[in-house]
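Asks: So I've got this file, start_4.csv, and it contains CSV, C-alpha atoms and all ligand atoms:
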chain,number,residue,atom,x,y,z
A,1,MET,CA,105.2,91.1,65.2
A,2,ASN,CA,108.8,90.0,65.5
A,3,MET,CA,108.1,87.0,63.3
A,4,ALA,CA,111.7,86.3,62.5
A,5,PHE,CA,112.2,85.1,66.0
A,6,GLU,CA,109.0,83.3,66.6
A,7,HIS,CA,110.7,80.0,66.0
A,8,VAL,CA,113.4,80.6,68.6
A,9,ASP,CA,113.7,77.8,71.1
A,10,TYR,CA,114.4,79.4,74.4
A,11,THR,CA,116.9,76.9,75.7
A,12,SER,CA,117.8,79.1,78.6
A,13,LEU,CA,114.5,78.9,80.6
A,14,SER,CA,116.2,77.2,83.5
A,15,VAL,CA,115.3,78.9,86.8
A,16,PRO,CA,118.4,79.7,88.9
A,17,ALA,CA,118.1,78.6,92.5
A,18,ALA,CA,115.9,81.0,94.5
A,19,PRO,CA,117.7,83.3,97.0
A,20,PHE,CA,118.7,81.5,100.2
A,21,SER,CA,118.0,78.0,98.9
A,22,ASP,CA,121.5,77.1,100.0
A,23,PRO,CA,122.5,79.5,102.7
A,24,SER,CA,125.7,77.6,103.5
A,25,ILE,CA,127.4,78.9,100.3
A,26,ILE,CA,126.6,82.6,100.9
A,27,PRO,CA,129.7,84.4,102.2
A,28,SER,CA,129.3,86.6,105.3
A,29,PHE,CA,130.5,90.1,104.3
A,30,PRO,CA,131.7,92.5,107.0
A,31,LYS,CA,128.8,94.3,108.5
A,32,GLY,CA,127.9,97.5,106.9
A,33,LYS,CA,130.4,96.9,104.1
A,34,VAL,CA,128.0,95.6,101.4
A,35,PRO,CA,127.5,98.1,98.5
A,36,ARG,CA,124.0,99.5,98.7
A,37,HIS,CA,123.8,100.1,94.9
A,38,VAL,CA,125.6,97.8,92.4
A,39,GLY,CA,125.6,98.4,88.7
A,40,VAL,CA,126.5,95.7,86.2
A,41,ILE,CA,127.5,96.2,82.6
A,42,MET,CA,126.6,92.8,81.3
A,43,ASP,CA,129.1,92.4,78.5
A,44,GLY,CA,130.5,89.5,76.4
A,45,ASN,CA,127.4,87.6,75.2
A,46,GLY,CA,128.5,87.9,71.5
A,47,ARG,CA,132.0,86.7,72.2
A,48,TRP,CA,130.7,83.8,74.3
A,49,ALA,CA,128.5,82.7,71.4
A,50,GLN,CA,131.3,83.2,68.8
A,51,GLN,CA,133.7,81.0,70.8
A,52,ARG,CA,131.2,78.2,70.5
A,53,GLY,CA,130.4,78.6,66.9
A,54,LEU,CA,126.9,80.0,67.7
A,55,ILE,CA,125.3,83.1,66.5
A,56,ARG,CA,125.4,86.3,68.7
A,57,THR,CA,121.8,86.1,69.7
A,58,GLU,CA,122.4,82.7,71.3
A,59,GLY,CA,124.8,84.4,73.6
A,60,HIS,CA,122.1,86.7,74.7
A,61,GLN,CA,119.8,83.7,75.3
A,62,ALA,CA,122.6,82.1,77.4
A,63,ALA,CA,122.7,85.3,79.5
A,64,GLU,CA,119.1,85.0,80.7
A,65,PRO,CA,119.5,82.6,83.6
A,66,VAL,CA,122.7,84.4,84.6
A,67,VAL,CA,120.8,87.7,85.0
A,68,PHE,CA,118.5,85.9,87.5
A,69,ASP,CA,121.4,84.2,89.2
A,70,VAL,CA,123.0,87.6,89.7
A,71,ILE,CA,119.7,89.0,91.0
A,72,ALA,CA,119.5,86.1,93.5
A,73,GLY,CA,123.1,86.6,94.5
A,74,ALA,CA,122.6,90.3,95.1
A,75,ILE,CA,119.6,89.6,97.3
A,76,GLU,CA,121.6,87.0,99.3
A,77,ALA,CA,124.5,89.5,99.7
A,78,GLY,CA,122.1,92.2,100.9
A,79,VAL,CA,122.5,94.6,98.0
A,80,ARG,CA,119.5,97.0,98.0
A,81,TYR,CA,119.7,98.4,94.4
A,82,LEU,CA,120.9,96.6,91.3
A,83,SER,CA,121.2,98.4,88.0
A,84,LEU,CA,121.5,96.1,85.0
A,85,TYR,CA,122.8,97.6,81.7
A,86,THR,CA,120.5,95.7,79.2
A,87,PHE,CA,120.4,97.9,76.1
A,88,SER,CA,122.3,101.2,75.6
A,89,THR,CA,121.3,104.1,73.5
A,90,GLU,CA,124.4,103.2,71.4
A,91,ASN,CA,123.2,99.6,70.8
A,92,TRP,CA,120.8,100.8,68.1
A,93,LYS,CA,124.0,100.9,65.9
A,94,ARG,CA,123.9,97.0,65.8
A,95,SER,CA,122.4,95.1,62.9
A,96,PRO,CA,118.6,95.4,62.7
A,97,GLN,CA,118.3,91.7,63.3
A,98,GLU,CA,120.2,91.9,66.6
A,99,VAL,CA,118.4,95.0,67.7
A,100,ARG,CA,115.1,93.3,67.0
A,101,PHE,CA,116.1,90.3,68.9
A,102,LEU,CA,117.3,92.3,71.9
A,103,MET,CA,114.0,94.3,72.1
A,104,GLY,CA,111.8,91.2,71.7
A,105,PHE,CA,113.9,89.2,74.1
A,106,SER,CA,113.8,91.9,76.8
A,107,ARG,CA,110.0,92.1,76.4
A,108,ASP,CA,109.7,88.3,76.7
A,109,ILE,CA,112.0,88.0,79.7
A,110,ILE,CA,110.1,90.6,81.7
A,111,HIS,CA,106.9,88.9,80.8
A,112,ARG,CA,108.0,85.4,81.6
A,113,ARG,CA,110.0,86.3,84.8
A,114,VAL,CA,107.8,88.8,86.5
A,115,ALA,CA,106.1,86.3,88.7
A,116,GLN,CA,109.5,84.9,89.8
A,117,MET,CA,110.8,88.4,90.6
A,118,ASP,CA,107.6,89.2,92.5
A,119,GLN,CA,108.1,86.1,94.6
A,120,TRP,CA,111.7,87.0,95.3
A,121,GLY,CA,110.6,90.5,96.6
A,122,VAL,CA,112.0,92.3,93.6
A,123,ARG,CA,110.7,95.8,92.8
A,124,VAL,CA,111.1,96.0,89.0
A,125,ARG,CA,112.2,99.4,87.7
A,126,TRP,CA,113.4,100.9,84.4
A,127,ALA,CA,115.9,103.6,83.5
A,128,GLY,CA,116.1,104.9,80.0
A,129,ARG,CA,114.6,107.0,77.3
A,130,ARG,CA,111.1,106.5,75.9
A,131,PRO,CA,111.5,107.5,72.2
A,132,ARG,CA,112.6,104.5,70.0
A,133,LEU,CA,112.0,101.9,72.8
A,134,TRP,CA,109.5,99.4,71.6
A,135,LYS,CA,106.0,100.0,73.0
A,136,SER,CA,105.7,96.3,73.8
A,137,VAL,CA,108.8,96.5,75.9
A,138,MET,CA,107.5,99.6,77.7
A,139,ASP,CA,104.1,97.9,78.3
A,140,GLU,CA,105.7,94.9,79.9
A,141,LEU,CA,107.9,97.1,82.0
A,142,GLU,CA,104.9,99.1,83.2
A,143,THR,CA,102.9,96.0,84.0
A,144,ALA,CA,105.9,94.6,86.0
A,145,MET,CA,106.6,97.9,87.8
A,146,GLU,CA,103.0,98.2,88.8
A,147,ARG,CA,102.8,94.6,90.0
A,148,THR,CA,105.9,94.8,92.1
A,149,LYS,CA,105.8,98.4,93.3
A,150,HIS,CA,105.4,97.4,97.0
A,151,ASN,CA,108.3,95.0,97.1
A,152,THR,CA,111.2,96.0,99.3
A,153,THR,CA,113.8,93.2,99.1
A,154,ILE,CA,115.7,94.8,96.2
A,155,ASP,CA,115.1,97.3,93.4
A,156,VAL,CA,116.3,95.9,90.1
A,157,VAL,CA,116.6,98.6,87.5
A,158,PHE,CA,116.5,97.4,83.9
A,159,CYS,CA,118.5,100.0,82.0
A,160,ILE,CA,116.9,99.6,78.5
A,161,ASN,CA,117.5,102.3,75.9
A,162,TYR,CA,119.7,103.9,78.6
A,163,GLY,CA,122.6,106.3,77.9
A,164,GLY,CA,124.3,108.3,80.6
A,165,ARG,CA,124.8,111.4,78.6
A,166,THR,CA,121.2,111.2,77.4
A,167,GLU,CA,120.0,111.0,81.0
A,168,LEU,CA,122.1,114.1,81.8
A,169,ALA,CA,120.8,115.9,78.7
A,170,ASP,CA,117.2,115.1,79.7
A,171,ALA,CA,117.9,116.3,83.3
A,172,MET,CA,119.3,119.5,81.9
A,173,ALA,CA,116.2,120.0,79.7
A,174,GLY,CA,114.0,119.5,82.7
A,175,ILE,CA,116.0,122.1,84.7
A,176,ALA,CA,115.9,124.5,81.7
A,177,ARG,CA,112.1,124.2,81.6
A,178,GLU,CA,111.9,125.2,85.3
A,179,VAL,CA,114.2,128.1,84.7
A,180,ARG,CA,112.1,129.2,81.8
A,181,ASP,CA,108.9,129.0,83.9
A,182,GLY,CA,110.5,131.0,86.7
A,183,GLN,CA,110.5,128.1,89.2
A,184,ILE,CA,114.2,128.3,89.7
A,185,SER,CA,116.9,130.8,88.8
A,186,GLY,CA,119.4,129.8,86.2
A,187,ASP,CA,122.4,130.7,88.3
A,188,ARG,CA,121.1,128.6,91.2
A,189,VAL,CA,121.5,125.2,89.6
A,190,THR,CA,123.0,122.8,92.1
A,191,LYS,CA,124.2,119.2,92.1
A,192,LYS,CA,121.2,118.3,94.2
A,193,MET,CA,118.9,119.7,91.4
A,194,VAL,CA,120.6,117.7,88.8
A,195,ALA,CA,120.3,114.6,90.9
A,196,GLN,CA,116.6,115.3,91.3
A,197,HIS,CA,116.1,115.4,87.6
A,198,LEU,CA,117.6,112.0,86.8
A,199,TYR,CA,115.3,109.1,85.7
A,200,ASN,CA,115.0,107.6,89.2
A,201,PRO,CA,115.9,110.4,91.6
A,202,ASP,CA,115.2,108.3,94.7
A,203,ILE,CA,117.9,105.8,93.9
A,204,PRO,CA,121.2,106.5,95.7
A,205,ASP,CA,124.6,106.7,94.0
A,206,CYS,CA,126.2,103.6,92.6
A,207,ASP,CA,128.8,102.2,95.0
A,208,LEU,CA,130.2,99.4,92.9
A,209,LEU,CA,130.3,99.3,89.1
A,210,ILE,CA,131.1,95.9,87.6
A,211,ARG,CA,131.8,95.2,84.0
A,212,THR,CA,132.2,91.6,82.8
A,213,SER,CA,134.2,90.4,79.8
A,214,GLY,CA,137.5,92.0,80.7
A,215,GLU,CA,136.7,95.3,78.9
A,216,ARG,CA,137.9,98.2,81.0
A,217,ARG,CA,135.5,101.0,80.1
A,218,THR,CA,132.1,102.2,81.3
A,219,SER,CA,130.4,102.8,77.9
A,220,ASN,CA,128.1,105.6,79.0
A,221,PHE,CA,126.7,103.8,82.0
A,222,LEU,CA,125.6,105.9,85.1
A,223,PRO,CA,128.2,108.7,84.7
A,224,TRP,CA,126.5,110.8,87.4
A,225,GLN,CA,125.6,108.1,89.8
A,226,ALA,CA,128.9,106.2,89.5
A,227,ALA,CA,131.2,109.3,89.7
A,228,TYR,CA,132.7,107.9,92.9
A,229,ALA,CA,131.9,104.2,92.4
A,230,GLU,CA,134.5,101.5,93.0
A,231,LEU,CA,135.2,99.7,89.7
A,232,ASP,CA,135.5,95.9,89.3
A,233,PHE,CA,136.4,94.4,85.9
A,234,ALA,CA,135.5,90.8,85.9
A,235,PRO,CA,137.2,88.5,83.4
A,236,GLU,CA,134.2,86.3,82.7
A,237,LEU,CA,132.1,86.8,79.6
A,238,PHE,CA,128.6,87.5,81.0
A,239,PRO,CA,127.1,84.1,80.3
A,240,ASP,CA,129.9,82.7,82.5
A,241,TYR,CA,129.2,85.2,85.3
A,242,GLY,CA,126.8,84.5,88.1
A,243,ARG,CA,126.2,84.9,91.8
A,244,VAL,CA,129.6,83.4,92.9
A,245,PRO,CA,131.6,85.8,90.7
A,246,LEU,CA,129.3,88.6,91.9
A,247,TRP,CA,130.2,87.8,95.5
A,248,ARG,CA,133.9,87.9,94.5
A,249,SER,CA,133.3,91.4,93.0
A,250,ILE,CA,131.6,92.4,96.3
A,251,ASP,CA,134.4,90.9,98.3
A,252,HIS,CA,136.9,93.1,96.3
A,253,TYR,CA,134.8,96.1,97.1
A,254,THR,CA,134.7,95.4,100.8
A,255,GLY,CA,138.5,95.7,100.9
A,256,ARG,CA,138.6,99.1,99.3
A,257,ASP,CA,139.2,102.3,101.2
A,258,ARG,CA,136.7,104.8,100.0
A,259,ARG,CA,138.0,108.3,100.9
A,260,PHE,CA,135.8,110.6,98.7
A,261,GLY,CA,138.6,113.1,98.6
A,262,ALA,CA,139.2,113.3,102.3
A,263,ILE,CA,142.1,112.0,104.3
A,264,LYS,CA,141.5,109.4,106.9
B,1,LIG,C1,126.4,92.5,76.0
B,1,LIG,O1,127.0,91.6,75.2
B,1,LIG,C2,124.9,92.5,75.8
B,1,LIG,C3,124.5,93.8,75.1
B,1,LIG,C4,125.2,94.8,74.8
B,1,LIG,C5,123.1,93.9,74.8
B,1,LIG,P1,127.6,92.0,73.8
B,1,LIG,O2,126.5,91.7,72.8
B,1,LIG,O3,128.1,93.4,73.8
B,1,LIG,O4,128.7,90.9,73.6
B,1,LIG,P2,130.2,91.2,73.0
B,1,LIG,O5,130.7,92.4,73.8
B,1,LIG,O6,130.0,91.6,71.5
B,1,LIG,O7,130.9,90.0,73.2
B,2,LIG,C1,127.6,98.1,77.0
B,2,LIG,O1,128.2,97.0,76.2
B,2,LIG,C2,126.1,98.0,76.9
B,2,LIG,C3,125.5,96.9,77.5
B,2,LIG,C4,126.0,96.0,78.2
B,2,LIG,C5,124.0,97.0,77.4
B,2,LIG,P1,128.6,97.3,74.7
B,2,LIG,O2,129.2,96.0,74.2
B,2,LIG,O3,127.5,97.9,73.9
B,2,LIG,O4,129.8,98.4,74.8
B,2,LIG,P2,131.0,98.7,73.9
B,2,LIG,O5,130.5,98.9,72.5
B,2,LIG,O6,132.0,97.6,74.1
B,2,LIG,O7,131.5,100.0,74.5
B,3,MG,MG,129.9,94.2,74.2
Show how you would write the structure in this file as structure tokens.

Replies:
Amino acid sequence: MNMAFEHVDYTSLSVPAAPFSDPSIIPSFPKGKVPRHVGVIMDGNGRWAQQRGLIRTEGHQAAEPVVFDVIAGAIEAGVRYLSLYTFSTENWKRSPQEVRFLMGFSRDIIHRRVAQMDQWGVRVRWAGRRPRLWKSVMDELETAMERTKHNTTIDVVFCINYGGRTELADAMAGIAREVRDGQISGDRVTKKMVAQHLYNPDIPDCDLLIRTSGERRTSNFLPWQAAYAELDFAPELFPDYGRVPLWRSIDHYTGRDRRFGAIK
């Protein structure tokens, strides 16, 4: 299984500082202003590698400790839900080698880091579509979700084989089945019903959507949940991102005036 990458020397095994190991550096955000749900489009690993004459997959490896630094920083800031765009339904278009690497690497990261996440109080979750996703990835996710299901510090949603339009299509299919079975009437479909058919209906809307690497698009991430999100486009390539830039993104957010269509 996945032999091509068996030789990989995971140089990025460093464990980022646990949450609150240096409380003096954590900014104090205005009370009640911290986004409850933050989404991160973790972009720029390939460019980071290319700039150093490395291969793309080495950029993904360099991203591993950064993912956990971001999780630690989100915990420190008081974020309650963190959605991490890890592999999109469009990423299957990449070379078979890169796809294989990303699947195997996701599986290995969840396996190697579950104890650390459990210790930090992370509830591991997943959003995405089952078909095509490697069974070994799903198995690790299920083990991690079961192990951490009672944790309440933060929910970290690994969005693997996630696509926003696919999520909405799946929700619509679920609603169509209920209409067919006479549970609801076709002309009574509401926003609430759609929300209840998403992959994780209990998770609230995304308040702050961050994309690293300077690209200014959302690439099919959380179209329903982030319909009213504040956007922050961070210039760093993801391997150069981390808890301090995350706090800067949160700081930008705290200064925004969220009106939701009303006049204040
Ligand atoms: C983001 O980095 C990681 C994934 C999409 C899995 P990229 O691999 O997209 O890096 P760039 O955008 O090519 O630099
Ligand atoms: C979005 O990044 C997907 C993830 C970060 C997992 P991409 O690099 O795939 O997006 P595009 O191709 O620039 O839109
Ligand atoms: Mg990219």

Asks: Taking all atoms listed in the file into account, name the residue in A:Ile25, A:Ile203, A:Met42, A:Ile154 that is nearest to ligand MG 3 (chain B).

Replies: A:Met42

Asks: Within 6 Å of ligand LIG 1 (chain B), counting all atoms listed in the file, which protein or nucleic acid residues do you find, written as a tab-separated table (two decimals) with C-alpha atoms, keeping the file's coordinate frame?

Replies:
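The resulting file, selection-v4.tsv, is reproduced below:
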chain	number	residue	atom	x	y	z
A	42	MET	CA	126.60	92.80	81.30
A	43	ASP	CA	129.10	92.40	78.50
A	44	GLY	CA	130.50	89.50	76.40
A	45	ASN	CA	127.40	87.60	75.20
A	46	GLY	CA	128.50	87.90	71.50
A	47	ARG	CA	132.00	86.70	72.20
A	86	THR	CA	120.50	95.70	79.20
A	87	PHE	CA	120.40	97.90	76.10

Asks: Could you tell me which of A:Trp120, A:Phe260, A:Tyr85, A:Tyr162 comes closest to Ile210 in chain A if we count only C-alpha atoms?

Replies: A:Tyr85

Asks: With only C-alpha atoms and all ligand atoms as the atoms that count, which of A:Gln116, A:Gln50, A:Thr166, A:Asn91 lies nearest to ligand MG 3 (chain B)?

Replies: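 Smallest separation from ligand MG 3 (chain B) among the options: A:Asn91.
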
Asks: Distance limit 12 Å, reference ligand LIG 2 (chain B), atoms considered: all atoms listed in the file. Which residues make the cut? Give them as a JSON list (two decimals) with C-alpha atoms, in the coordinates of the input.

Replies:
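Final output, part_26.json:
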[["chain", "number", "residue", "atom", "x", "y", "z"],
["A", 39, "GLY", "CA", 125.60, 98.40, 88.70],
["A", 40, "VAL", "CA", 126.50, 95.70, 86.20],
["A", 41, "ILE", "CA", 127.50, 96.20, 82.60],
["A", 42, "MET", "CA", 126.60, 92.80, 81.30],
["A", 43, "ASP", "CA", 129.10, 92.40, 78.50],
["A", 44, "GLY", "CA", 130.50, 89.50, 76.40],
["A", 45, "ASN", "CA", 127.40, 87.60, 75.20],
["A", 46, "GLY", "CA", 128.50, 87.90, 71.50],
["A", 47, "ARG", "CA", 132.00, 86.70, 72.20],
["A", 56, "ARG", "CA", 125.40, 86.30, 68.70],
["A", 60, "HIS", "CA", 122.10, 86.70, 74.70],
["A", 63, "ALA", "CA", 122.70, 85.30, 79.50],
["A", 67, "VAL", "CA", 120.80, 87.70, 85.00],
["A", 83, "SER", "CA", 121.20, 98.40, 88.00],
["A", 84, "LEU", "CA", 121.50, 96.10, 85.00],
["A", 85, "TYR", "CA", 122.80, 97.60, 81.70],
["A", 86, "THR", "CA", 120.50, 95.70, 79.20],
["A", 87, "PHE", "CA", 120.40, 97.90, 76.10],
["A", 88, "SER", "CA", 122.30, 101.20, 75.60],
["A", 89, "THR", "CA", 121.30, 104.10, 73.50],
["A", 90, "GLU", "CA", 124.40, 103.20, 71.40],
["A", 91, "ASN", "CA", 123.20, 99.60, 70.80],
["A", 92, "TRP", "CA", 120.80, 100.80, 68.10],
["A", 93, "LYS", "CA", 124.00, 100.90, 65.90],
["A", 94, "ARG", "CA", 123.90, 97.00, 65.80],
["A", 98, "GLU", "CA", 120.20, 91.90, 66.60],
["A", 99, "VAL", "CA", 118.40, 95.00, 67.70],
["A", 102, "LEU", "CA", 117.30, 92.30, 71.90],
["A", 103, "MET", "CA", 114.00, 94.30, 72.10],
["A", 106, "SER", "CA", 113.80, 91.90, 76.80],
["A", 128, "GLY", "CA", 116.10, 104.90, 80.00],
["A", 158, "PHE", "CA", 116.50, 97.40, 83.90],
["A", 159, "CYS", "CA", 118.50, 100.00, 82.00],
["A", 160, "ILE", "CA", 116.90, 99.60, 78.50],
["A", 161, "ASN", "CA", 117.50, 102.30, 75.90],
["A", 162, "TYR", "CA", 119.70, 103.90, 78.60],
["A", 163, "GLY", "CA", 122.60, 106.30, 77.90],
["A", 164, "GLY", "CA", 124.30, 108.30, 80.60],
["A", 210, "ILE", "CA", 131.10, 95.90, 87.60],
["A", 211, "ARG", "CA", 131.80, 95.20, 84.00],
["A", 212, "THR", "CA", 132.20, 91.60, 82.80],
["A", 213, "SER", "CA", 134.20, 90.40, 79.80],
["A", 214, "GLY", "CA", 137.50, 92.00, 80.70],
["A", 215, "GLU", "CA", 136.70, 95.30, 78.90],
["A", 216, "ARG", "CA", 137.90, 98.20, 81.00],
["A", 217, "ARG", "CA", 135.50, 101.00, 80.10],
["A", 218, "THR", "CA", 132.10, 102.20, 81.30],
["A", 219, "SER", "CA", 130.40, 102.80, 77.90],
["A", 220, "ASN", "CA", 128.10, 105.60, 79.00],
["A", 221, "PHE", "CA", 126.70, 103.80, 82.00],
["A", 222, "LEU", "CA", 125.60, 105.90, 85.10],
["A", 237, "LEU", "CA", 132.10, 86.80, 79.60],
["A", 238, "PHE", "CA", 128.60, 87.50, 81.00]]

Asks: To one decimal in Å, tell me the separation between CA of Glu142 in chain A and CA of Val124 in chain A.

Replies: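 Interatomic distance here is 9.0 Å.
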
Asks: If you measure from CA of Trp134 in chain A to CA of Pro96 in chain A, what distance in Å do you get, rounded to one decimal?

Replies: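 Distance between the two atoms: 13.3 Å.
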
Asks: Looking at all atoms listed in the file, which of A:Asp187, A:Asp232, A:Glu140, A:Asp118 is the one that sits closest to Leu209 in chain A?

Replies: A:Asp232

Asks: For a quick check of understanding, using only C-alpha atoms and all ligand atoms, which of A:Ile110, A:Val157, A:Ala49, A:Ile71 has the smallest distance to ligand MG 3 (chain B)?

Replies: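 Of A:Ile110, A:Val157, A:Ala49, A:Ile71, the one nearest ligand MG 3 (chain B) is A:Ala49, counting only C-alpha atoms and all ligand atoms.
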
Asks: Which residue gives the smallest distance to Gln119 in chain A among A:Met193, A:Lys149, A:Glu58, A:Ala18, with only C-alpha atoms counted?

Replies: A:Ala18

Asks: May I have the residues within 12 Å of range 172-183 of chain A as a PyMOL selection string, using all atoms listed in the file and disregarding those fewer than 4 positions away in the same chain?

Replies: chain A and resi 165-168+187-199

Asks: What gap, in Å, lies between CA of Asp251 in chain A and CA of Tyr81 in chain A?

Replies: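 Computed distance, CA of Asp251 in chain A to CA of Tyr81 in chain A, equals 17.0 Å.
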
Asks: Taking (127.5, 87.0, 103.9) in the file's coordinates as the center, which residues reach within 9 Å of it, counting only C-alpha atoms, put as a list in words?

Replies: Ile25, Ile26, Pro27, Ser28, Phe29, Pro30, Lys31, Val34, Glu76, Ala77, Gly78 and Trp247 of chain A

Asks: For those residues, write C-alpha atoms to a file as a short mmCIF file (atom, residue, chain, number, x, y, z; two decimals), in the coordinates of the input.

Replies:
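And here is the file that came out, again31.cif:
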data_model
loop_
_atom_site.label_atom_id
_atom_site.label_comp_id
_atom_site.auth_asym_id
_atom_site.auth_seq_id
_atom_site.Cartn_x
_atom_site.Cartn_y
_atom_site.Cartn_z
CA ILE A 25 127.40 78.90 100.30
CA ILE A 26 126.60 82.60 100.90
CA PRO A 27 129.70 84.40 102.20
CA SER A 28 129.30 86.60 105.30
CA PHE A 29 130.50 90.10 104.30
CA PRO A 30 131.70 92.50 107.00
CA LYS A 31 128.80 94.30 108.50
CA VAL A 34 128.00 95.60 101.40
CA GLU A 76 121.60 87.00 99.30
CA ALA A 77 124.50 89.50 99.70
CA GLY A 78 122.10 92.20 100.90
CA TRP A 247 130.20 87.80 95.50
#

Asks: Need to verify the contact set: Thr153 in chain A, 7 Å, all atoms listed in the file, exclusion of same-chain residues closer than 2 positions in sequence. Can you return it as JSON, numbers by chain?

Replies: {"A": [80, 121, 122, 151]}

Asks: Within 6 Å of Leu82 in chain A, counting all atoms listed in the file, which residues qualify if same-chain residues fewer than 5 places away don't, as a PyMOL selection string?

Replies: chain A and resi 37-39+156

Asks: Extract, using all atoms listed in the file, all DNA, RNA and protein residues at most 8 Å from Asp69 in chain A, discarding same-chain residues fewer than 3 positions from it, and format them as a PyMOL selection string.

Replies: chain A and resi 16-17+65-66+72-73+242-243
